[in-house]
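Next comes protein-v1.cif, a file with mmCIF, C-alpha atoms.
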data_entry
loop_
_atom_site.label_atom_id
_atom_site.label_comp_id
_atom_site.auth_asym_id
_atom_site.auth_seq_id
_atom_site.Cartn_x
_atom_site.Cartn_y
_atom_site.Cartn_z
CA THR A 1 0.51 44.61 8.91
CA ILE A 2 -2.02 42.00 10.08
CA LYS A 3 -4.71 43.65 7.95
CA MET A 4 -2.46 43.59 4.89
CA ASP A 5 -1.70 39.86 5.47
CA ILE A 6 -5.42 39.04 5.72
CA GLU A 7 -6.15 41.00 2.58
CA LYS A 8 -3.35 39.25 0.75
CA TYR A 9 -4.55 35.86 2.03
CA ASN A 10 -8.15 36.51 0.92
CA ASP A 11 -6.96 37.73 -2.46
CA LEU A 12 -4.86 34.59 -3.00
CA ILE A 13 -7.80 32.35 -2.04
CA SER A 14 -10.15 34.22 -4.39
CA GLN A 15 -7.66 33.94 -7.24
CA GLY A 16 -7.14 30.25 -6.55
CA ILE A 17 -10.87 29.51 -6.54
CA GLY A 18 -11.24 31.39 -9.81
CA LEU A 19 -8.41 29.41 -11.39
CA MET A 20 -9.98 26.14 -10.20
CA ALA A 21 -13.22 27.16 -11.89
CA THR A 22 -11.35 27.54 -15.20
CA GLU A 23 -9.50 24.25 -14.62
CA ASN A 24 -6.13 25.97 -14.35
CA TYR A 25 -5.11 23.70 -11.50
CA GLU A 26 -1.37 24.32 -11.61
CA ALA A 27 -1.80 28.05 -11.19
CA ALA A 28 -4.44 27.47 -8.49
CA GLU A 29 -2.03 25.20 -6.58
CA LYS A 30 0.53 28.02 -6.49
CA LYS A 31 -2.04 30.50 -5.16
CA PHE A 32 -3.23 28.15 -2.41
CA SER A 33 0.36 27.28 -1.43
CA ALA A 34 1.12 30.98 -1.16
CA ALA A 35 -2.05 31.52 0.90
CA ILE A 36 -0.96 28.84 3.38
CA LYS A 37 2.28 30.74 3.96
CA GLU A 38 0.20 33.77 4.86
CA ASN A 39 -2.18 31.83 7.11
CA PRO A 40 -1.05 28.26 7.94
CA LYS A 41 -3.82 27.65 10.48
CA GLU A 42 -6.87 27.90 8.22
CA LYS A 43 -8.01 24.37 7.35
CA GLU A 44 -10.11 25.39 4.33
CA THR A 45 -6.93 26.50 2.57
CA TYR A 46 -5.53 22.99 2.87
CA ARG A 47 -8.82 21.67 1.52
CA HIS A 48 -8.51 23.91 -1.53
CA LEU A 49 -4.88 22.87 -2.04
CA GLY A 50 -5.74 19.17 -1.64
CA ASN A 51 -8.45 19.50 -4.29
CA ALA A 52 -5.97 21.19 -6.63
CA TYR A 53 -3.50 18.33 -6.17
CA ALA A 54 -6.29 15.80 -6.76
CA ASN A 55 -7.24 17.47 -10.04
CA LEU A 56 -3.58 17.42 -11.04
CA GLN A 57 -3.57 13.67 -10.27
CA ARG A 58 -0.88 14.25 -7.63
CA TYR A 59 -2.75 11.95 -5.30
CA GLU A 60 -0.13 11.33 -2.63
CA GLU A 61 0.36 15.08 -2.20
CA ALA A 62 -3.40 15.47 -2.02
CA ILE A 63 -3.63 12.93 0.82
CA ALA A 64 -0.73 14.52 2.69
CA THR A 65 -2.38 17.94 2.34
CA PHE A 66 -5.78 16.73 3.53
CA LYS A 67 -4.13 15.07 6.54
CA LYS A 68 -2.81 18.48 7.60
CA ILE A 69 -6.44 19.47 8.14
CA LEU A 70 -6.72 16.65 10.67
CA TYR A 71 -3.78 18.11 12.63
CA LEU A 72 -5.90 21.24 13.00
CA ASP A 73 -9.21 19.40 13.52
CA ALA A 74 -9.05 15.63 14.12
CA LYS A 75 -12.84 15.32 13.76
CA ASP A 76 -13.24 17.00 10.39
CA ALA A 77 -15.57 14.47 8.73
CA GLU A 78 -15.37 16.01 5.26
CA THR A 79 -11.62 15.46 5.23
CA PHE A 80 -11.98 11.73 5.83
CA TYR A 81 -14.43 11.67 2.92
CA ALA A 82 -11.93 13.54 0.72
CA ILE A 83 -9.11 11.14 1.63
CA GLY A 84 -11.37 8.16 0.99
CA SER A 85 -12.19 9.52 -2.46
CA ILE A 86 -8.49 9.85 -3.28
CA TYR A 87 -7.95 6.23 -2.29
CA ILE A 88 -10.75 5.30 -4.70
CA LEU A 89 -8.76 7.00 -7.46
CA LEU A 90 -5.69 5.05 -6.31
CA GLU A 91 -7.78 1.86 -6.41
CA ASP A 92 -7.07 1.16 -2.74
CA LYS A 93 -10.61 0.16 -1.80
CA GLU A 94 -9.79 -0.98 1.70
CA LYS A 95 -8.36 2.39 2.73
CA ALA A 96 -11.18 4.17 0.92
CA ILE A 97 -13.86 2.32 2.90
CA GLU A 98 -11.89 2.84 6.13
CA ASN A 99 -11.89 6.61 5.61
CA TYR A 100 -15.51 6.69 4.47
CA ASN A 101 -16.51 4.83 7.63
CA LYS A 102 -14.63 7.40 9.73
CA ALA A 103 -16.41 10.21 7.89
CA GLU A 104 -19.76 8.56 8.53
CA SER A 105 -19.00 7.98 12.22
CA LEU A 106 -18.30 11.70 12.54
CA GLY A 107 -21.68 12.59 11.06
CA TYR A 108 -20.84 12.97 7.37
CA ASP A 109 -24.00 12.03 5.50
CA ASN A 110 -23.56 12.21 1.74
CA ALA A 111 -25.39 10.36 -1.05
CA GLU A 112 -22.35 10.34 -3.32
CA MET A 113 -20.24 8.70 -0.62
CA TYR A 114 -22.82 5.96 -0.06
CA GLU A 115 -23.08 5.39 -3.81
CA ILE A 116 -19.31 4.96 -4.08
CA MET A 117 -19.34 2.58 -1.11
CA ALA A 118 -22.12 0.60 -2.76
CA SER A 119 -20.04 0.34 -5.94
CA VAL A 120 -17.04 -0.92 -3.99
CA PHE A 121 -19.10 -3.54 -2.15
CA LEU A 122 -20.72 -4.67 -5.40
CA GLU A 123 -17.27 -5.14 -6.94
CA GLU A 124 -16.27 -7.08 -3.83
CA ASP A 125 -19.30 -9.37 -4.30
CA ASP A 126 -21.06 -8.18 -1.15
CA PRO A 127 -24.62 -7.46 -2.29
CA ALA A 128 -25.97 -6.95 1.23
CA GLN A 129 -23.57 -4.06 1.91
CA ALA A 130 -24.06 -2.72 -1.62
CA LEU A 131 -27.82 -2.57 -1.09
CA ARG A 132 -27.45 -1.13 2.43
CA ASN A 133 -25.36 1.77 1.13
CA ILE A 134 -27.36 2.48 -2.00
CA ASN A 135 -30.54 2.56 0.09
CA ARG A 136 -28.92 5.18 2.33
CA ALA A 137 -27.98 7.19 -0.76
CA ILE A 138 -31.57 6.97 -2.04
CA ALA A 139 -32.90 8.10 1.35
CA LEU A 140 -30.77 11.26 1.07
CA SER A 141 -31.51 11.89 -2.63
CA PRO A 142 -34.87 10.23 -3.39
CA LEU A 143 -35.29 12.04 -6.72
CA GLU A 144 -31.90 10.99 -8.08
CA GLY A 145 -32.84 8.36 -10.64
CA ASN A 146 -29.30 7.05 -11.14
CA LEU A 147 -29.24 5.81 -7.54
CA ARG A 148 -32.39 3.76 -8.05
CA ILE A 149 -31.02 2.38 -11.32
CA PHE A 150 -27.87 1.34 -9.46
CA LYS A 151 -30.06 -0.55 -6.99
CA VAL A 152 -31.76 -2.30 -9.90
CA ARG A 153 -28.39 -3.29 -11.32
CA VAL A 154 -27.37 -4.79 -7.97
CA TYR A 155 -30.46 -6.98 -8.04
CA LEU A 156 -29.88 -7.92 -11.69
CA ALA A 157 -26.27 -8.88 -10.93
CA TYR A 158 -27.64 -11.57 -8.61
CA ASP A 159 -30.63 -12.58 -10.76
CA LYS A 160 -33.10 -10.99 -8.34
CA PHE A 161 -35.52 -10.07 -11.13
CA ASN A 162 -38.64 -9.61 -9.01
CA GLU A 163 -36.80 -7.26 -6.65
CA ALA A 164 -35.46 -5.34 -9.64
CA LEU A 165 -38.97 -4.99 -11.08
CA ALA A 166 -40.34 -3.86 -7.71
CA THR A 167 -37.61 -1.19 -7.51
CA LEU A 168 -38.51 0.02 -10.99
CA ASP A 169 -42.22 0.07 -10.08
CA ASP A 170 -41.40 2.34 -7.12
CA MET A 171 -39.24 4.50 -9.35
CA GLU A 172 -42.04 4.86 -11.90
CA LYS A 173 -44.34 6.24 -9.18
CA ILE A 174 -41.77 8.84 -8.11
CA LEU A 175 -40.09 9.54 -11.46
CA PRO A 176 -42.64 8.67 -14.17
CA ASP A 177 -40.60 10.49 -16.81
CA ALA A 178 -37.46 8.42 -16.22
CA PHE A 179 -36.64 6.69 -19.50
CA GLU A 180 -34.72 3.90 -17.75
CA VAL A 181 -37.86 2.62 -16.02
CA TYR A 182 -39.45 1.54 -19.30
CA ASP A 183 -36.17 0.49 -20.88
CA LEU A 184 -35.10 -1.86 -18.08
CA LYS A 185 -38.56 -3.16 -17.15
CA SER A 186 -39.35 -4.17 -20.72
CA GLN A 187 -35.96 -5.86 -21.12
CA ILE A 188 -36.38 -7.79 -17.86
CA TYR A 189 -39.83 -8.98 -18.91
CA LEU A 190 -38.42 -9.91 -22.33
CA GLY A 191 -35.65 -11.92 -20.69
CA GLN A 192 -38.27 -13.75 -18.63
CA GLY A 193 -40.30 -14.51 -21.73
CA ASN A 194 -43.21 -12.46 -20.41
CA TYR A 195 -43.97 -10.87 -23.79
CA GLN A 196 -47.32 -9.42 -22.74
CA LYS A 197 -45.81 -7.43 -19.87
CA ALA A 198 -42.81 -6.51 -22.01
CA ILE A 199 -44.94 -5.04 -24.79
CA GLU A 200 -47.25 -3.24 -22.33
CA THR A 201 -44.24 -1.63 -20.65
CA VAL A 202 -42.45 -0.63 -23.83
CA ASN A 203 -45.68 0.78 -25.31
CA LYS A 204 -46.08 2.93 -22.21
CA GLY A 205 -42.49 4.12 -22.65
CA CYS A 206 -42.95 4.82 -26.35
CA ALA A 207 -46.05 6.89 -25.53
CA ARG A 208 -43.99 9.04 -23.14
CA PHE A 209 -40.93 9.15 -25.41
CA PRO A 210 -42.31 8.90 -28.97
CA LYS A 211 -39.02 10.00 -30.55
CA ASP A 212 -36.77 7.61 -28.66
CA ALA A 213 -35.19 5.16 -31.09
CA GLY A 214 -33.80 3.00 -28.28
CA LEU A 215 -37.26 2.16 -26.97
CA ALA A 216 -38.52 1.54 -30.50
CA LEU A 217 -35.65 -0.93 -30.96
CA ILE A 218 -36.56 -2.76 -27.75
CA LYS A 219 -40.16 -2.97 -28.99
CA LEU A 220 -38.90 -4.40 -32.27
CA ARG A 221 -36.93 -7.08 -30.42
CA ILE A 222 -39.97 -8.00 -28.33
CA LEU A 223 -42.10 -8.36 -31.47
CA VAL A 224 -39.48 -10.55 -33.16
CA GLU A 225 -38.93 -12.78 -30.14
CA SER A 226 -42.67 -13.19 -29.61
CA SER A 227 -43.05 -14.18 -33.31
CA LYS A 228 -45.14 -11.10 -34.15
CA THR A 229 -43.46 -10.91 -37.56
CA ASP A 230 -46.05 -8.80 -39.34
CA LEU A 231 -46.04 -6.22 -36.54
CA ALA A 232 -42.23 -6.25 -36.60
CA TYR A 233 -42.19 -5.42 -40.32
CA GLU A 234 -44.73 -2.65 -39.70
CA LEU A 235 -42.54 -1.15 -36.98
CA ILE A 236 -39.45 -1.37 -39.20
CA ASN A 237 -41.25 0.58 -41.94
CA GLU A 238 -42.46 3.13 -39.39
CA MET A 239 -38.90 3.53 -38.04
CA LYS A 240 -37.63 4.08 -41.57
CA LYS A 241 -40.15 6.88 -42.09
CA ASN A 242 -39.41 8.72 -38.82
CA GLY A 243 -35.61 8.34 -38.92
CA MET A 244 -35.32 5.94 -35.99
CA TYR A 245 -34.10 3.13 -38.25
CA GLU A 246 -31.01 5.17 -39.15
CA GLU A 247 -30.42 6.09 -35.50
CA GLN A 248 -30.15 2.39 -34.64
CA LEU A 249 -28.88 1.33 -38.05
CA LYS A 250 -26.71 -1.61 -37.03
CA ASP A 251 -29.32 -3.33 -34.86
CA THR A 252 -32.30 -2.57 -37.06
CA SER A 253 -30.46 -3.80 -40.17
CA VAL A 254 -29.44 -7.04 -38.49
CA ILE A 255 -32.98 -7.66 -37.23
CA GLU A 256 -34.56 -6.85 -40.60
CA ALA A 257 -32.05 -9.05 -42.46
CA THR A 258 -32.72 -11.91 -40.03
CA LEU A 259 -36.48 -11.63 -40.63
CA LEU A 260 -35.96 -11.57 -44.40
CA ILE A 261 -33.73 -14.66 -44.26
CA GLN A 262 -36.39 -16.47 -42.25
CA ASP A 263 -38.88 -15.58 -44.97
CA ASN A 264 -36.39 -16.82 -47.60
CA LYS A 265 -36.03 -13.31 -49.06
CA ILE A 266 -32.28 -13.71 -49.45
CA ASP A 267 -31.69 -10.94 -52.02
CA ASP A 268 -33.58 -8.45 -49.87
CA ALA A 269 -31.54 -9.48 -46.84
CA GLN A 270 -28.35 -9.02 -48.86
CA ASN A 271 -29.39 -5.51 -49.83
CA VAL A 272 -30.20 -4.56 -46.25
CA LEU A 273 -26.81 -5.74 -44.99
CA LYS A 274 -24.88 -4.16 -47.86
CA ASN A 275 -26.63 -0.82 -47.33
CA ALA A 276 -25.73 -1.02 -43.64
CA HIS A 277 -22.14 -1.85 -44.56
CA GLU A 278 -21.92 1.23 -46.79
CA SER A 279 -22.98 3.40 -43.86
CA LEU A 280 -20.95 1.47 -41.26
CA PRO A 281 -17.89 0.22 -43.19
CA GLN A 282 -15.90 -0.50 -40.02
CA ASP A 283 -18.56 -2.62 -38.36
CA GLU A 284 -17.25 -6.19 -38.09
CA ASP A 285 -20.61 -7.73 -37.10
CA ILE A 286 -22.30 -6.63 -40.31
CA LEU A 287 -19.32 -7.70 -42.43
CA TYR A 288 -19.39 -11.12 -40.80
CA LEU A 289 -23.11 -11.52 -41.49
CA ILE A 290 -22.54 -10.67 -45.16
CA VAL A 291 -19.77 -13.27 -45.38
CA ASP A 292 -21.84 -15.88 -43.56
CA LEU A 293 -24.95 -15.32 -45.67
CA ASN A 294 -23.05 -15.50 -48.97
CA GLY A 295 -21.27 -18.64 -47.81
CA LYS A 296 -24.56 -20.34 -47.04
CA ILE A 297 -26.03 -19.54 -50.46
CA GLY A 298 -22.82 -20.34 -52.36
CA LYS A 299 -21.96 -16.86 -53.66
CA TYR A 300 -18.23 -17.44 -53.35
CA GLU A 301 -17.05 -14.37 -55.27
CA GLU A 302 -18.89 -12.29 -52.68
CA VAL A 303 -17.39 -14.42 -49.90
CA LEU A 304 -13.90 -13.69 -51.25
CA LYS A 305 -14.55 -9.97 -51.39
CA TYR A 306 -16.08 -9.51 -47.96
CA SER A 307 -14.03 -12.08 -46.03
CA GLN A 308 -10.84 -10.43 -47.29
CA GLU A 309 -12.22 -7.06 -46.18
CA LEU A 310 -13.05 -8.53 -42.76
CA ILE A 311 -9.53 -10.00 -42.41
CA GLU A 312 -8.00 -6.59 -43.23
CA HIS A 313 -9.91 -5.15 -40.27
CA GLU A 314 -7.90 -7.44 -37.95
CA PRO A 315 -11.09 -8.35 -36.08
CA GLN A 316 -11.63 -10.30 -32.87
CA GLN A 317 -10.48 -13.92 -32.82
CA PHE A 318 -13.82 -15.50 -33.75
CA TYR A 319 -14.33 -13.31 -36.79
CA LEU A 320 -10.71 -13.64 -37.90
CA ALA A 321 -10.76 -17.44 -37.74
CA THR A 322 -14.12 -17.61 -39.53
CA ALA A 323 -13.13 -15.12 -42.23
CA MET A 324 -9.83 -16.92 -42.94
CA TYR A 325 -11.57 -20.27 -43.32
CA PHE A 326 -14.40 -18.86 -45.45
CA TYR A 327 -11.81 -17.12 -47.65
CA ALA A 328 -9.93 -20.39 -48.23
CA VAL A 329 -13.14 -22.28 -48.98
CA ALA A 330 -14.19 -19.57 -51.46
CA LEU A 331 -10.81 -19.86 -53.20
CA GLU A 332 -11.29 -23.60 -53.44
CA GLU A 333 -14.82 -23.26 -54.79
CA THR A 334 -13.76 -20.71 -57.42
CA GLY A 335 -11.02 -22.99 -58.79
CA ASN A 336 -8.00 -21.59 -56.96
CA LYS A 337 -7.24 -24.85 -55.17
CA GLU A 338 -3.48 -24.40 -54.88
CA GLU A 339 -3.87 -20.99 -53.25
CA ALA A 340 -6.64 -22.39 -51.03
CA LEU A 341 -4.33 -25.15 -49.72
CA LYS A 342 -1.75 -22.51 -48.77
CA ILE A 343 -4.40 -20.61 -46.81
CA PHE A 344 -5.63 -23.78 -45.08
CA LYS A 345 -2.04 -24.50 -44.04
CA ASN A 346 -1.62 -20.95 -42.77
CA ILE A 347 -4.85 -21.33 -40.77
CA THR A 348 -3.57 -24.43 -38.98
CA VAL A 349 -0.39 -22.59 -37.94
CA LYS A 350 -2.02 -19.31 -36.98
CA LEU A 351 -4.94 -20.85 -35.11
CA ARG A 352 -2.67 -23.27 -33.27
CA LYS A 353 -0.86 -20.27 -31.78
CA MET A 354 -4.20 -18.61 -30.96
CA THR A 355 -5.47 -21.70 -29.12
CA ILE A 356 -2.22 -21.92 -27.17
CA ASP A 357 -2.59 -18.28 -26.14
CA THR A 358 -6.35 -18.66 -25.53
CA PRO A 359 -7.16 -22.29 -24.64
CA ALA A 360 -10.92 -21.56 -24.46
CA PHE A 361 -11.03 -20.32 -28.07
CA TYR A 362 -13.49 -22.93 -29.36
CA GLU A 363 -13.63 -21.72 -32.95
CA GLY A 364 -9.84 -21.91 -33.15
CA TYR A 365 -10.01 -25.69 -32.69
CA LEU A 366 -13.00 -25.98 -35.02
CA TYR A 367 -11.35 -24.22 -37.97
CA ARG A 368 -8.02 -25.96 -37.34
CA LEU A 369 -9.87 -29.29 -37.51
CA LEU A 370 -11.65 -28.32 -40.72
CA SER A 371 -8.44 -26.98 -42.29
CA HIS A 372 -6.46 -30.14 -41.43
CA THR A 373 -9.31 -32.13 -43.01
CA LYS A 374 -9.09 -30.03 -46.19
CA LEU A 375 -5.34 -30.74 -46.27
CA GLY A 376 -5.92 -34.47 -45.84
CA GLU A 377 -4.08 -34.39 -42.50
CA TYR A 378 -6.49 -36.69 -40.72
#
Please render this file's structure as structure tokens.
Amino acid sequence: TIKMDIEKYNDLISQGIGLMATENYEAAEKKFSAAIKENPKEKETYRHLGNAYANLQRYEEAIATFKKILYLDAKDAETFYAIGSIYILLEDKEKAIENYNKAESLGYDNAEMYEIMASVFLEEDDPAQALRNINRAIALSPLEGNLRIFKVRVYLAYDKFNEALATLDDMEKILPDAFEVYDLKSQIYLGQGNYQKAIETVNKGCARFPKDAGLALIKLRILVESSKTDLAYELINEMKKNGMYEEQLKDTSVIEATLLIQDNKIDDAQNVLKNAHESLPQDEDILYLIVDLNGKIGKYEEVLKYSQELIEHEPQQFYLATAMYFYAVALEETGNKEEALKIFKNITVKLRKMTIDTPAFYEGYLYRLLSHTKLGEY
């Protein structure tokens, strides 16, 4: 009889593990529950069942199940880690850290746990503890690039740029093929205005990753910000030939249009933005730029067309306020003054409500002011 019970228990566990592998968690939960009835003193069964509950998002049941392991073995470190992870899912950070600390005190040494703890401490604005835990994670998994990038982001969150660069330098020595090294280093140097270092770093990255459109885009930004206009145009043409321009269509189009406007090549800039709009019809940033550019050069029929399209997208507050005002101005400029006055009046009402709901909405006050002025309501 005992042999039959053991065989049945082992069979239920095997079936449950197989069901977990296929993400059939409900069926797995039933198998593990049945296995516990056959052998209620095996802690690994409760661990399996707790994991099934966790995957079913039945978190309280998962915690209760994991705690049954502690009745069998009060010093089971992995269980404290599992309970802590459930509390993370429940967004109870205090209990999560409490259980992680217990797991650690019992000898549980796990890079993922330290990474999670670092994330919690970073959210709690405790950079010292965030760095302490991410360093422990790195010590356990030195070749895991994401851990080093997390450390960089901790430094960046507190404007510790030199420390961030030093971390990336170390990472480059250990993981020279990590894309993020060149991406982040070049962007940090760019932010510091150190264009020479920025271009050296991004060129090194582009040499290692010649087909990466993201790095090419960063290089383009560096060239534009360092006033290397001719080289920027050359890179744009190169990106068009190798397909990278299309991969980063929104950003490359905006940058190219901006360069063309600076060179007073307005028609060319218009064409670039309109081509981007055809490919990305839902993109509000590009639509706004088209409206703004046409407004500045007095093409009010175009302003009417594209500002109305932008309004229909129900965009973010800034774009909505701007598009409404530009639309009314375009009506006025094209001879539809009566209709324009109605829109100006509507703007004052709508934007008043927006500024009440969002007192820091600067543009709401600006376009209310301008609309009241148009209405003669000084």
- For Ile311 of chain A, which residue out of A:Glu339, A:Glu246, A:Glu144, A:Glu284 is the nearest one, using all atoms listed in the file? A:Glu284
- Query: Closest to Phe318 of chain A among A:Lys299, A:Tyr367, A:Leu293, A:Gln270, using only C-alpha atoms?
  - Reply: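 Once distances to Phe318 of chain A are computed over only C-alpha atoms, the minimum belongs to A:Tyr367.
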- Message: As a check of understanding, name the residues that the PyMOL selection byres ((chain A and resi 250) around 8) selects in the supplied structure, as a PyMOL selection string.
- Response: chain A and resi 248-249+251-254+276+280+286
- Message: Please enumerate the residues selected by the PyMOL selection byres ((chain A and resi 259) around 12) when evaluated against the supplied file, formatted as number ranges by chain.
- Response: A: 220-221, 223-225, 227-233, 236, 252-258, 260-266, 268-270, 272
- Message: For a test of reading the model, state the distance in Å between atom CA of Glu332 of chain A and atom CA of Tyr365 of chain A, rounded to one decimal.
- Response: 20.9 Å
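With all atoms listed in the file as the atoms that count, the residue of A:Gly84, A:Gly376, A:Gly145, A:Gly364 with the shortest distance to Ile116 of chain A is A:Gly84.
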- Would you kindly translate the PyMOL selection byres ((chain A and resi 190) around 10) into the concrete residues it picks from this file, as a list in words?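 Listing what the PyMOL selection byres ((chain A and resi 190) around 10) selects in the shown file: Leu184, Lys185, Ser186, Gln187, Ile188, Tyr189, Gly191, Gln192, Gly193, Asn194, Tyr195, Gln196, Lys197, Ala198, Ile199, Ile218, Lys219, Arg221, Ile222, Leu223, Glu225 and Ser226 of chain A.
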- What is the atom CA of Ala137 of chain A-atom CA of Asn162 of chain A distance in Å, reported with one decimal?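 According to the coordinates, atom CA of Ala137 of chain A and atom CA of Asn162 of chain A are separated by 21.5 Å.
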- Long-range neighbours of Val154 of chain A as a list of chain:residue names, 10 Å cut-off, all atoms listed in the file, 3 positions minimum in chain: A:Ala118, A:Ser119, A:Leu122, A:Asp125, A:Asp126, A:Pro127, A:Ala128, A:Ala130, A:Leu131, A:Ile134, A:Arg148, A:Ile149, A:Phe150, A:Lys151, A:Ala157, A:Tyr158, A:Asp159, A:Lys160, A:Glu163, A:Ala164
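The nearest approach to Met171 of chain A among the residues A:Tyr378, A:Met324, A:Arg153, A:Pro142, with all atoms listed in the file taken into account, belongs to A:Pro142.
For the atom pair formed by atom CA of Gly16 of chain A and atom CA of Ala28 of chain A, the distance is 4.3 Å, given to one decimal.
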- Message: Which residues are near Ser141 of chain A? Cut-off 12 Å, only C-alpha atoms, ignore same chain within fewer than 2 positions. Put them as a PyMOL selection string.
- Response: chain A and resi 109-115+134-139+143-148
- Top pick for closest residue to Asn294 of chain A, considering A:Glu363, A:Asp267, A:Glu104, A:Glu338 and counting all atoms listed in the file: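 Smallest distance to Asn294 of chain A is found for A:Asp267.
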- Which polymer residues have any atom within 10 Å of an atom of Tyr59 of chain A, counting all atoms listed in the file, with same-chain residues fewer than 6 positions away left out, as a PyMOL selection string? chain A and resi 50-53+65+83+86-87+89-90
- Might you pull out every residue within 10 Å of His372 of chain A, with only C-alpha atoms counted and same-chain residues fewer than 3 positions away left off, and present them as a list in words? Leu341, Phe344, Lys345, Ile347, Thr348, Tyr367, Arg368, Leu369, Leu375, Gly376, Glu377 and Tyr378 of chain A
